[in-house]
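J.: The structure file coords-v4.cif (mmCIF, C-alpha atoms; chains and numbers go by the auth columns) is provided below.
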data_upload
#
loop_
_atom_site.group_PDB
_atom_site.id
_atom_site.type_symbol
_atom_site.label_atom_id
_atom_site.label_comp_id
_atom_site.label_asym_id
_atom_site.label_seq_id
_atom_site.Cartn_x
_atom_site.Cartn_y
_atom_site.Cartn_z
_atom_site.B_iso_or_equiv
_atom_site.auth_seq_id
_atom_site.auth_asym_id
ATOM 1 C CA MET A 1 33.340 11.569 29.533 0.00 28 A
ATOM 2 C CA ARG A 2 33.344 12.993 26.022 0.00 29 A
ATOM 3 C CA ALA A 3 33.902 9.582 24.431 0.00 30 A
ATOM 4 C CA GLN A 4 30.875 8.253 26.287 0.00 31 A
ATOM 5 C CA SER A 5 28.572 11.014 24.984 0.00 32 A
ATOM 6 C CA GLU A 6 29.862 10.421 21.420 0.00 33 A
ATOM 7 C CA GLU A 7 29.052 6.731 21.880 0.00 34 A
ATOM 8 C CA TRP A 8 25.480 7.564 22.919 0.00 35 A
ATOM 9 C CA THR A 9 25.132 9.816 19.896 0.00 36 A
ATOM 10 C CA LEU A 10 26.198 6.966 17.612 0.00 37 A
ATOM 11 C CA GLN A 11 23.744 4.592 19.290 0.00 38 A
ATOM 12 C CA ASP A 12 20.932 7.135 18.903 0.00 39 A
ATOM 13 C CA ARG A 13 21.733 7.450 15.192 0.00 40 A
ATOM 14 C CA ARG A 14 21.708 3.673 14.737 0.00 41 A
ATOM 15 C CA LEU A 15 18.247 3.442 16.265 0.00 42 A
ATOM 16 C CA GLN A 16 16.915 5.838 13.618 0.00 43 A
ATOM 17 C CA ILE A 17 18.164 3.748 10.716 0.00 44 A
ATOM 18 C CA PRO A 18 15.204 2.046 9.009 0.00 45 A
ATOM 19 C CA ILE A 19 15.047 -1.710 9.378 0.00 46 A
ATOM 20 C CA GLU A 20 13.260 -4.167 7.155 0.00 47 A
ATOM 21 C CA ILE A 21 10.400 -5.771 9.009 0.00 48 A
ATOM 22 C CA MET A 22 8.569 -7.490 6.178 0.00 49 A
ATOM 23 C CA ARG A 23 9.136 -8.577 2.612 0.00 50 A
ATOM 24 C CA PHE A 24 6.349 -10.018 0.491 0.00 51 A
ATOM 25 C CA THR A 25 5.054 -10.051 -3.089 0.00 52 A
ATOM 26 C CA LEU A 26 1.715 -8.764 -4.340 0.00 53 A
ATOM 27 C CA ILE A 27 0.512 -9.494 -7.874 0.00 54 A
ATOM 28 C CA TYR A 28 -1.663 -7.287 -10.065 0.00 55 A
ATOM 29 C CA ASP A 29 -2.322 -9.117 -13.331 0.00 56 A
ATOM 30 C CA ALA A 30 -4.125 -6.650 -15.571 0.00 57 A
ATOM 31 C CA VAL A 31 -3.403 -3.715 -17.831 0.00 58 A
ATOM 32 C CA LEU A 32 -2.132 -0.687 -15.920 0.00 59 A
ATOM 33 C CA PRO A 33 -3.446 2.423 -17.683 0.00 60 A
ATOM 34 C CA SER A 34 -2.050 5.914 -17.424 0.00 61 A
ATOM 35 C CA ALA A 35 -3.794 8.377 -15.096 0.00 62 A
ATOM 36 C CA ALA A 36 -3.339 11.223 -17.578 0.00 63 A
ATOM 37 C CA ASN A 37 -6.359 13.537 -17.823 0.00 64 A
ATOM 38 C CA SER A 38 -8.511 11.291 -15.641 0.00 65 A
ATOM 39 C CA ASN A 39 -8.895 10.381 -11.994 0.00 66 A
ATOM 40 C CA ARG A 40 -8.946 6.665 -13.015 0.00 67 A
ATOM 41 C CA LEU A 41 -11.187 5.818 -10.056 0.00 68 A
ATOM 42 C CA LYS A 42 -12.336 2.541 -11.649 0.00 69 A
ATOM 43 C CA GLU A 43 -8.748 1.440 -12.371 0.00 70 A
ATOM 44 C CA LYS A 44 -7.548 2.309 -8.846 0.00 71 A
ATOM 45 C CA TRP A 45 -10.349 0.190 -7.408 0.00 72 A
ATOM 46 C CA ALA A 46 -9.434 -2.662 -9.779 0.00 73 A
ATOM 47 C CA ILE A 47 -5.937 -2.596 -8.259 0.00 74 A
ATOM 48 C CA ARG A 48 -7.313 -2.492 -4.693 0.00 75 A
ATOM 49 C CA ASP A 49 -9.776 -5.311 -5.432 0.00 76 A
ATOM 50 C CA LYS A 50 -6.981 -7.556 -6.772 0.00 77 A
ATOM 51 C CA LEU A 51 -4.711 -6.837 -3.800 0.00 78 A
ATOM 52 C CA HIS A 52 -7.302 -6.961 -0.980 0.00 79 A
ATOM 53 C CA PRO A 53 -7.563 -10.812 -0.863 0.00 80 A
ATOM 54 C CA GLN A 54 -3.761 -11.147 -1.035 0.00 81 A
ATOM 55 C CA LEU A 55 -3.329 -8.686 1.825 0.00 82 A
ATOM 56 C CA GLN A 56 -6.109 -10.401 3.787 0.00 83 A
ATOM 57 C CA LEU A 57 -4.224 -13.712 3.573 0.00 84 A
ATOM 58 C CA MET A 58 -0.949 -11.971 4.431 0.00 85 A
ATOM 59 C CA TRP A 59 -2.493 -10.390 7.566 0.00 86 A
ATOM 60 C CA GLY A 60 -3.552 -13.827 8.763 0.00 87 A
ATOM 61 C CA ASP A 61 -0.352 -15.667 7.902 0.00 88 A
ATOM 62 C CA HIS A 62 2.748 -13.418 7.890 0.00 89 A
ATOM 63 C CA PRO A 63 4.730 -13.804 11.144 0.00 90 A
ATOM 64 C CA ALA A 64 5.389 -10.046 11.433 0.00 91 A
ATOM 65 C CA VAL A 65 1.669 -9.225 11.739 0.00 92 A
ATOM 66 C CA SER A 66 0.024 -12.461 12.876 0.00 93 A
ATOM 67 C CA GLY A 67 -2.233 -11.725 15.801 0.00 94 A
ATOM 68 C CA TRP A 68 -2.727 -8.048 14.944 0.00 95 A
ATOM 69 C CA LEU A 69 -6.254 -8.664 13.628 0.00 96 A
ATOM 70 C CA ALA A 70 -7.307 -9.866 17.089 0.00 97 A
ATOM 71 C CA ASP A 71 -7.404 -6.146 17.956 0.00 98 A
ATOM 72 C CA TYR A 72 -9.807 -5.339 15.076 0.00 99 A
ATOM 73 C CA SER A 73 -12.913 -4.782 17.249 0.00 100 A
ATOM 74 C CA LYS A 74 -11.111 -2.279 19.462 0.00 101 A
ATOM 75 C CA ALA A 75 -9.420 -0.632 16.469 0.00 102 A
ATOM 76 C CA GLU A 76 -12.763 -0.305 14.663 0.00 103 A
ATOM 77 C CA GLU A 77 -14.195 1.507 17.693 0.00 104 A
ATOM 78 C CA ASP A 78 -11.199 3.881 17.484 0.00 105 A
ATOM 79 C CA ALA A 79 -11.564 4.395 13.698 0.00 106 A
ATOM 80 C CA THR A 80 -13.161 7.824 13.970 0.00 107 A
ATOM 81 C CA LYS A 81 -10.832 9.068 16.738 0.00 108 A
ATOM 82 C CA PRO A 82 -7.694 11.149 16.102 0.00 109 A
ATOM 83 C CA ASP A 83 -4.457 9.120 15.954 0.00 110 A
ATOM 84 C CA ALA A 84 -3.342 10.358 19.375 0.00 111 A
ATOM 85 C CA GLU A 85 -6.385 8.732 20.991 0.00 112 A
ATOM 86 C CA LYS A 86 -6.104 5.384 19.212 0.00 113 A
ATOM 87 C CA GLY A 87 -4.892 2.354 21.144 0.00 114 A
ATOM 88 C CA GLY A 88 -3.272 -0.847 19.925 0.00 115 A
ATOM 89 C CA ILE A 89 -1.047 -1.418 16.945 0.00 116 A
ATOM 90 C CA LEU A 90 -3.733 -1.965 14.270 0.00 117 A
ATOM 91 C CA SER A 91 -5.133 1.129 12.529 0.00 118 A
ATOM 92 C CA VAL A 92 -8.662 1.110 11.116 0.00 119 A
ATOM 93 C CA PHE A 93 -9.843 4.129 9.126 0.00 120 A
ATOM 94 C CA ALA A 94 -13.500 5.038 8.597 0.00 121 A
ATOM 95 C CA ILE A 95 -14.425 6.517 5.215 0.00 122 A
ATOM 96 C CA GLY A 96 -18.191 6.849 5.198 0.00 123 A
ATOM 97 C CA GLU A 97 -19.569 3.463 6.200 0.00 124 A
ATOM 98 C CA GLU A 98 -16.476 1.608 4.973 0.00 125 A
ATOM 99 C CA ARG A 99 -13.538 0.456 7.115 0.00 126 A
ATOM 100 C CA PHE A 100 -9.988 0.332 5.743 0.00 127 A
ATOM 101 C CA VAL A 101 -6.956 -1.369 7.281 0.00 128 A
ATOM 102 C CA PRO A 102 -3.672 -0.293 5.714 0.00 129 A
ATOM 103 C CA LEU A 103 -0.492 -2.147 6.565 0.00 130 A
ATOM 104 C CA VAL A 104 1.868 0.840 6.282 0.00 131 A
ATOM 105 C CA THR A 105 0.725 3.761 8.461 0.00 132 A
ATOM 106 C CA ARG A 106 2.037 7.111 9.681 0.00 133 A
ATOM 107 C CA ARG A 107 1.059 6.325 13.259 0.00 134 A
ATOM 108 C CA LEU A 108 3.622 3.506 13.365 0.00 135 A
ATOM 109 C CA ASP A 109 6.252 5.561 11.481 0.00 136 A
ATOM 110 C CA MET A 110 6.363 2.984 8.698 0.00 137 A
ATOM 111 C CA THR A 111 7.441 3.441 5.092 0.00 138 A
ATOM 112 C CA CYS A 112 7.433 1.141 2.111 0.00 139 A
ATOM 113 C CA TYR A 113 10.004 0.494 -0.608 0.00 140 A
ATOM 114 C CA LEU A 114 8.581 -1.023 -3.802 0.00 141 A
ATOM 115 C CA ASN A 115 10.274 -3.281 -6.338 0.00 142 A
ATOM 116 C CA ILE A 116 7.985 -3.107 -9.360 0.00 143 A
ATOM 117 C CA LEU A 117 8.208 -5.642 -12.163 0.00 144 A
ATOM 118 C CA PHE A 118 6.275 -4.663 -15.299 0.00 145 A
ATOM 119 C CA LEU A 119 5.614 -7.708 -17.445 0.00 146 A
ATOM 120 C CA ARG A 120 4.789 -6.701 -21.009 0.00 147 A
ATOM 121 C CA CYS A 121 4.142 -8.550 -24.247 0.00 148 A
ATOM 122 C CA ALA A 122 6.812 -6.411 -25.904 0.00 149 A
ATOM 123 C CA ARG A 123 10.526 -6.988 -25.498 0.00 150 A
ATOM 124 C CA PRO A 124 12.185 -5.574 -22.357 0.00 151 A
ATOM 125 C CA GLY A 125 12.975 -1.870 -22.419 0.00 152 A
ATOM 126 C CA GLY A 126 10.945 0.797 -24.137 0.00 153 A
ATOM 127 C CA LEU A 127 8.790 1.325 -21.044 0.00 154 A
ATOM 128 C CA VAL A 128 9.273 5.086 -21.170 0.00 155 A
ATOM 129 C CA GLY A 129 8.412 5.362 -24.884 0.00 156 A
ATOM 130 C CA ASP A 130 5.496 2.904 -24.686 0.00 157 A
ATOM 131 C CA GLY A 131 2.955 4.945 -22.765 0.00 158 A
ATOM 132 C CA ASP A 132 3.184 7.402 -19.944 0.00 159 A
ATOM 133 C CA ILE A 133 5.235 5.667 -17.223 0.00 160 A
ATOM 134 C CA ASP A 134 4.856 8.534 -14.716 0.00 161 A
ATOM 135 C CA ASN A 135 1.083 8.424 -14.887 0.00 162 A
ATOM 136 C CA ARG A 136 0.974 4.613 -14.883 0.00 163 A
ATOM 137 C CA LEU A 137 3.001 4.623 -11.676 0.00 164 A
ATOM 138 C CA LYS A 138 0.694 7.298 -10.223 0.00 165 A
ATOM 139 C CA THR A 139 -2.313 5.051 -10.955 0.00 166 A
ATOM 140 C CA LEU A 140 -0.518 2.129 -9.285 0.00 167 A
ATOM 141 C CA PHE A 141 0.523 4.148 -6.231 0.00 168 A
ATOM 142 C CA ASP A 142 -3.013 5.513 -5.807 0.00 169 A
ATOM 143 C CA GLY A 143 -4.367 1.964 -6.068 0.00 170 A
ATOM 144 C CA LEU A 144 -1.987 0.806 -3.328 0.00 171 A
ATOM 145 C CA ARG A 145 -3.304 3.364 -0.853 0.00 172 A
ATOM 146 C CA MET A 146 -6.641 3.544 0.905 0.00 173 A
ATOM 147 C CA PRO A 147 -9.145 6.160 -0.262 0.00 174 A
ATOM 148 C CA HIS A 148 -8.976 9.453 1.626 0.00 175 A
ATOM 149 C CA SER A 149 -12.575 10.623 1.244 0.00 176 A
ATOM 150 C CA GLU A 150 -16.032 9.423 0.274 0.00 177 A
ATOM 151 C CA SER A 151 -15.542 10.998 -3.166 0.00 178 A
ATOM 152 C CA GLU A 152 -12.954 8.265 -3.840 0.00 179 A
ATOM 153 C CA LEU A 153 -15.466 5.482 -3.144 0.00 180 A
ATOM 154 C CA ILE A 154 -17.296 3.954 -6.092 0.00 181 A
ATOM 155 C CA GLN A 155 -20.955 4.714 -5.464 0.00 182 A
ATOM 156 C CA THR A 156 -22.349 2.036 -7.809 0.00 183 A
ATOM 157 C CA ARG A 157 -20.828 -0.960 -6.066 0.00 184 A
ATOM 158 C CA SER A 158 -22.138 -2.904 -3.123 0.00 185 A
ATOM 159 C CA ALA A 159 -20.607 -2.564 0.336 0.00 186 A
ATOM 160 C CA LEU A 160 -16.948 -3.471 0.647 0.00 187 A
ATOM 161 C CA PRO A 161 -15.739 -6.382 2.770 0.00 188 A
ATOM 162 C CA LYS A 162 -15.092 -5.292 6.357 0.00 189 A
ATOM 163 C CA PRO A 163 -12.318 -4.703 6.925 0.00 190 A
ATOM 164 C CA TYR A 164 -10.956 -3.781 3.494 0.00 191 A
ATOM 165 C CA PHE A 165 -7.178 -4.273 3.372 0.00 192 A
ATOM 166 C CA CYS A 166 -4.877 -1.828 1.578 0.00 193 A
ATOM 167 C CA LEU A 167 -1.109 -1.639 1.504 0.00 194 A
ATOM 168 C CA LEU A 168 -0.716 2.049 2.364 0.00 195 A
ATOM 169 C CA GLU A 169 -2.483 4.693 4.401 0.00 196 A
ATOM 170 C CA ASP A 170 -1.096 7.231 1.927 0.00 197 A
ATOM 171 C CA ASP A 171 1.221 7.018 -1.072 0.00 198 A
ATOM 172 C CA SER A 172 3.523 9.571 0.585 0.00 199 A
ATOM 173 C CA LEU A 173 4.678 6.620 2.741 0.00 200 A
ATOM 174 C CA ILE A 174 6.493 5.150 -0.276 0.00 201 A
ATOM 175 C CA SER A 175 10.140 5.819 0.547 0.00 202 A
ATOM 176 C CA GLY A 176 11.430 4.685 -2.829 0.00 203 A
ATOM 177 C CA PHE A 177 10.851 2.335 -5.706 0.00 204 A
ATOM 178 C CA GLN A 178 12.617 0.459 -8.479 0.00 205 A
ATOM 179 C CA VAL A 179 11.025 -0.362 -11.833 0.00 206 A
ATOM 180 C CA LYS A 180 12.139 -3.258 -14.028 0.00 207 A
ATOM 181 C CA THR A 181 10.558 -4.609 -17.210 0.00 208 A
ATOM 182 C CA GLU A 182 10.528 -8.120 -18.607 0.00 209 A
ATOM 183 C CA GLN A 183 8.801 -9.764 -21.518 0.00 210 A
ATOM 184 C CA LEU A 184 5.577 -11.606 -20.781 0.00 211 A
ATOM 185 C CA PHE A 185 4.865 -14.737 -22.795 0.00 212 A
ATOM 186 C CA TYR A 186 1.255 -14.983 -21.696 0.00 213 A
ATOM 187 C CA PRO A 187 -1.904 -13.236 -22.933 0.00 214 A
ATOM 188 C CA ILE A 188 -2.908 -10.194 -20.875 0.00 215 A
ATOM 189 C CA PRO A 189 -6.379 -10.519 -19.325 0.00 216 A
ATOM 190 C CA GLU A 190 -8.945 -8.059 -20.656 0.00 217 A
ATOM 191 C CA SER A 191 -10.043 -5.374 -18.169 0.00 218 A
#
Mind converting the file's structure to structure tokens?

T.:
Amino acid sequence: MRAQSEEWTLQDRRLQIPIEIMRFTLIYDAVLPSAANSNRLKEKWAIRDKLHPQLQLMWGDHPAVSGWLADYSKAEEDATKPDAEKGGILSVFAIGEERFVPLVTRRLDMTCYLNILFLRCARPGGLVGDGDIDNRLKTLFDGLRMPHSESELIQTRSALPKPYFCLLEDDSLISGFQVKTEQLFYPIPES
């Protein structure tokens, strides 16, 4: 009998091992400034605005999530409810009048591992000495997540597309990341 209970314990542990559900590439092709001494609200929205159309296409085409958007109407009705009262697999979050749909959410116990490739006009290496890498990554991570309050919305812009797609509900759902640099032989677009 003891061997059987040890077997169940091993099976339980295997079920808790994270599995990869999706793998895809998002591209942000602009200068990534440091967040030092600034909230960089404009820059975070520039990241979100570049990634929103890519995520919108991914939601409609990636086999792991195809069909999830069919539940949008119901999920939008649930947007102001606590997580425990929400139905369906899609999560819609209401921030003021805006509606955000992150792919990686706490409610589904999801996390995200990022492979980040910095393309720079300089030779590879030197990323740490060439600017503040910690704060650049913080700007990127904040741009990957949905806003958490109305104070993070840009008041001067028109209404956002509904829904507005983001990668993360919160940047605390990033389980790890890897940063690599390579030389870019292409002019960087002006911000």

J.: Let me make sure I understand: among A:Tyr55, A:Phe120, A:Phe168, A:Trp72, which one has the smallest atom-to-atom distance to A:Leu194 if we use only C-alpha atoms?

T.: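 Comparing A:Tyr55, A:Phe120, A:Phe168, A:Trp72 against A:Leu194, the winner is A:Phe168.
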
J.: Using all atoms listed in the file, which of A:Gln205, A:Gln210, A:Ser93, A:Ser61 sits nearest A:Ile143?

T.: A:Gln205

J.: Do you know which residues are at most 6 Å from A:Ala102 counting only C-alpha atoms, after dropping those on the same chain fewer than 3 positions away, and could you put them as a PDB file with C-alpha atoms, in the frame of the given file?

T.:
ATOM      1  CA  TYR A  99      -9.807  -5.339  15.076  1.00  0.00           C
ATOM      2  CA  ASP A 105     -11.199   3.881  17.484  1.00  0.00           C
ATOM      3  CA  VAL A 119      -8.662   1.110  11.116  1.00  0.00           C
TER       4      VAL A 119
END

J.: Please report the interatomic distance between atom CA of A:Ser118 and atom CA of A:Met137 in Å with one decimal.

T.: 12.3 Å

J.: Which residue gives the smallest distance to A:Pro60 among A:Val128, A:Leu135, A:Ile116, A:Ala73, with all atoms listed in the file counted?

T.: A:Ala73

J.: Rebuild stretch 179-212 of chain A to N, CA and C atoms - output it as a short mmCIF file (atom, residue, chain, number, x, y, z; two decimals), keeping the file's coordinate frame, please.

T.:
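For reference, rebuild.cif as written:
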data_model
loop_
_atom_site.label_atom_id
_atom_site.label_comp_id
_atom_site.auth_asym_id
_atom_site.auth_seq_id
_atom_site.Cartn_x
_atom_site.Cartn_y
_atom_site.Cartn_z
N GLU A 179 -13.79 9.29 -3.21
CA GLU A 179 -12.95 8.26 -3.84
C GLU A 179 -13.59 6.87 -3.78
N LEU A 180 -14.76 6.76 -3.17
CA LEU A 180 -15.47 5.48 -3.14
C LEU A 180 -16.30 5.37 -4.41
N ILE A 181 -16.45 4.16 -4.92
CA ILE A 181 -17.30 3.95 -6.09
C ILE A 181 -18.72 3.78 -5.59
N GLN A 182 -19.59 4.69 -5.99
CA GLN A 182 -20.96 4.71 -5.46
C GLN A 182 -21.83 3.60 -6.02
N THR A 183 -21.49 3.02 -7.16
CA THR A 183 -22.35 2.04 -7.81
C THR A 183 -22.11 0.61 -7.33
N ARG A 184 -21.14 0.41 -6.50
CA ARG A 184 -20.83 -0.96 -6.07
C ARG A 184 -21.48 -1.26 -4.72
N SER A 185 -21.58 -2.52 -4.42
CA SER A 185 -22.14 -2.90 -3.12
C SER A 185 -21.10 -2.63 -2.03
N ALA A 186 -21.50 -2.83 -0.80
CA ALA A 186 -20.61 -2.56 0.34
C ALA A 186 -19.33 -3.38 0.20
N LEU A 187 -18.25 -2.80 0.68
CA LEU A 187 -16.95 -3.47 0.65
C LEU A 187 -16.86 -4.49 1.78
N PRO A 188 -15.99 -5.49 1.64
CA PRO A 188 -15.74 -6.38 2.77
C PRO A 188 -15.22 -5.57 3.94
N LYS A 189 -15.57 -5.99 5.15
CA LYS A 189 -15.09 -5.29 6.36
C LYS A 189 -14.24 -6.24 7.16
N PRO A 190 -13.01 -5.89 7.41
CA PRO A 190 -12.32 -4.70 6.92
C PRO A 190 -11.84 -4.88 5.49
N TYR A 191 -11.51 -3.77 4.85
CA TYR A 191 -10.96 -3.78 3.49
C TYR A 191 -9.47 -3.46 3.63
N PHE A 192 -8.63 -4.39 3.19
CA PHE A 192 -7.18 -4.27 3.37
C PHE A 192 -6.52 -3.53 2.21
N CYS A 193 -5.68 -2.58 2.54
CA CYS A 193 -4.88 -1.83 1.58
C CYS A 193 -3.42 -1.88 2.04
N LEU A 194 -2.52 -1.63 1.13
CA LEU A 194 -1.11 -1.64 1.50
C LEU A 194 -0.73 -0.38 2.28
N LEU A 195 -1.19 0.79 1.82
CA LEU A 195 -0.72 2.05 2.36
C LEU A 195 -1.85 2.93 2.89
N GLU A 196 -1.57 3.64 3.96
CA GLU A 196 -2.48 4.69 4.40
C GLU A 196 -2.45 5.83 3.38
N ASP A 197 -1.25 6.14 2.89
CA ASP A 197 -1.10 7.23 1.93
C ASP A 197 0.13 6.93 1.06
N ASP A 198 0.08 7.32 -0.21
CA ASP A 198 1.22 7.02 -1.07
C ASP A 198 2.46 7.85 -0.75
N SER A 199 2.34 8.84 0.13
CA SER A 199 3.52 9.57 0.58
C SER A 199 4.40 8.70 1.49
N LEU A 200 3.91 7.54 1.90
CA LEU A 200 4.68 6.62 2.74
C LEU A 200 5.57 5.70 1.91
N ILE A 201 5.56 5.88 0.59
CA ILE A 201 6.49 5.15 -0.28
C ILE A 201 7.84 5.87 -0.19
N SER A 202 8.83 5.20 0.35
CA SER A 202 10.14 5.82 0.55
C SER A 202 11.01 5.73 -0.70
N GLY A 203 10.67 4.84 -1.59
CA GLY A 203 11.43 4.68 -2.83
C GLY A 203 10.86 3.54 -3.63
N PHE A 204 11.30 3.44 -4.87
CA PHE A 204 10.85 2.34 -5.71
C PHE A 204 11.85 2.08 -6.81
N GLN A 205 11.78 0.89 -7.36
CA GLN A 205 12.62 0.46 -8.48
C GLN A 205 11.68 -0.15 -9.50
N VAL A 206 11.86 0.18 -10.77
CA VAL A 206 11.02 -0.36 -11.83
C VAL A 206 11.89 -1.17 -12.78
N LYS A 207 11.44 -2.37 -13.10
CA LYS A 207 12.14 -3.26 -14.03
C LYS A 207 11.10 -3.79 -15.00
N THR A 208 11.48 -4.02 -16.24
CA THR A 208 10.56 -4.61 -17.21
C THR A 208 11.10 -5.95 -17.70
N GLU A 209 10.19 -6.84 -17.99
CA GLU A 209 10.53 -8.12 -18.61
C GLU A 209 9.43 -8.49 -19.59
N GLN A 210 9.77 -9.36 -20.51
CA GLN A 210 8.80 -9.76 -21.52
C GLN A 210 7.88 -10.83 -20.95
N LEU A 211 6.60 -10.67 -21.23
CA LEU A 211 5.58 -11.61 -20.78
C LEU A 211 5.19 -12.49 -21.95
N PHE A 212 5.26 -13.79 -21.76
CA PHE A 212 4.86 -14.74 -22.80
C PHE A 212 3.55 -15.40 -22.39
#
